[in-house]
Amino acid sequence: MTCKEAGDCIEKYNASCIFCKIVNKELSSTIVYDDQRIIAFGDVNPASKGHTLVIPKDHYVSIDEMPPDILGKTIEAAKKVTEMLRADDHTIVAFNLLNCSGAASGQSVGHFHIHVIPRRNGDSGEVVPKIEALLRPK
Ligand code: AMP
């Protein structure tokens with residue numbers, strides 16, 4: 001059964017998009033948040049422990065295409081994710097929230113997403129370079 005058949009809200013599905021496949025459960029992921037419009041799951045190549053991607057279920061490539069109400073819901077969900085992560089892991093003291101919109105900004109997956117990247121005091125020297133790498137055009 002597809003999400004649409006299940007009464008969920010997939011209206012804009014792109015068969016070649018890996019994040020649409022995650023939304024539609026064709027590809028497995030570690031889902032940490034799921035509501036009618038938004039889903040959040042663990043980044044497969046985390047910049048830090050708990051690095052999560054928050055996405056609209058519908059396929060919008062970048063900020064230019066995002067309807068304002070869905071953008072608002074995505075940001076609200078990102079805030080909930082920060083609260084969930086912090087509740088689960090008291091070593092988290094801060095977050096980077098990051099969106100790359102357009103290939104020249106470093107976007108590698110063409111389905112709008114907000115990176116929620118937990119930060120800890122004394123982060124190893126690896127974390128900042130990994131975040132910087134997200135900004136580099138691929
Ligand atoms: P960006 O470069 O801003 O478009 O970020 C794309 C992010 O998606 C990267 O941090 C990747 O590690 C992550 N990513 C790619 N494929 C998957 C996947 N199948 N499951 C989870 N995260 C993924």
# chains A, B, ... in the order shown; residues from 1 in each chain; ligands from 1
>>> residues_around(residues="Gly102 in chain A", least_positions_apart="4", cutoff="12 Å", atoms="only C-alpha atoms", output="list of chain:residue names")
A:Tyr60, A:Val61, A:Ser62, A:Ile63, A:Asp64, A:Glu65, A:Gly106, A:Gln107, A:Ser108, A:Val109, A:Gly110, A:His111, A:Phe112, A:His113, A:Leu135, A:Arg136, A:Pro137, A:Lys138
>>> select_by_dssp(residues="range 2-129 of chain A", states="alpha helix (DSSP H)", output="ChimeraX atom specification")
/A:18-23,68-88,127-129
>>> closest_atom_pairs(of="chain A", to="ligand 1", cutoff="7 Å", atoms="only C-alpha atoms and all ligand atoms", output="Markdown table")
| residue | atom | partner | partner_atom_place_in_ligand_line | distance |
| --- | --- | --- | --- | --- |
| A:Ile18 | CA | ligand 1 | 19 (N) | 6.2 |
| A:Phe19 | CA | ligand 1 | 19 (N) | 7.0 |
| A:Ser29 | CA | ligand 1 | 20 (N) | 5.9 |
| A:Phe41 | CA | ligand 1 | 21 (C) | 6.8 |
| A:Gly42 | CA | ligand 1 | 21 (C) | 5.8 |
| A:Asp43 | CA | ligand 1 | 22 (N) | 3.8 |
| A:Val44 | CA | ligand 1 | 22 (N) | 4.0 |
| A:Asn45 | CA | ligand 1 | 12 (O) | 4.1 |
| A:Pro46 | CA | ligand 1 | 12 (O) | 6.4 |
| A:Asn99 | CA | ligand 1 | 3 (O) | 6.2 |
| A:Cys100 | CA | ligand 1 | 3 (O) | 4.9 |
| A:Gly106 | CA | ligand 1 | 2 (O) | 5.5 |
| A:Gln107 | CA | ligand 1 | 4 (O) | 3.6 |
| A:Ser108 | CA | ligand 1 | 4 (O) | 3.6 |
| A:Val109 | CA | ligand 1 | 4 (O) | 4.0 |
| A:Gly110 | CA | ligand 1 | 4 (O) | 6.6 |
| A:Leu134 | CA | ligand 1 | 2 (O) | 5.3 |
>>> residues_around(residues="Gly122 in chain A", least_positions_apart="6", cutoff="12 Å", atoms="only C-alpha atoms", output="PyMOL selection string")
chain A and resi 91-94+128
>>> residues_around(residues="range 77-85 of chain A", least_positions_apart="2", cutoff="8 Å", atoms="only C-alpha atoms", output="compact mmCIF listing (two decimals) with C-alpha atoms, in the first residue's frame")
# COMPACT_ATOMS: atom_id res chain seq x y z
CA VAL A 32 12.53 9.70 14.22
CA TYR A 33 9.48 11.88 13.43
CA ILE A 38 6.57 15.92 7.37
CA ALA A 40 12.45 13.16 9.77
CA GLY A 50 21.99 12.35 15.90
CA VAL A 54 13.60 16.94 8.20
CA LYS A 73 5.46 22.95 9.08
CA THR A 74 8.96 21.71 8.16
CA ILE A 75 10.58 24.24 10.48
CA ALA A 87 15.65 14.97 25.63
CA ASP A 88 17.37 11.74 24.59
CA ASP A 89 20.94 12.95 24.80
CA ILE A 92 23.79 17.96 23.18
CA PHE A 95 22.34 22.68 17.03
CA ILE A 114 16.68 20.78 6.73
CA VAL A 116 19.43 19.23 12.19
CA PRO A 118 23.50 18.29 17.21
>>> select_by_dssp(residues="range 1-117 of chain A", states="strand (DSSP E)", output="NGL selection string")
:A and (31-34 or 38-42 or 52-56 or 92-98 or 114-117)
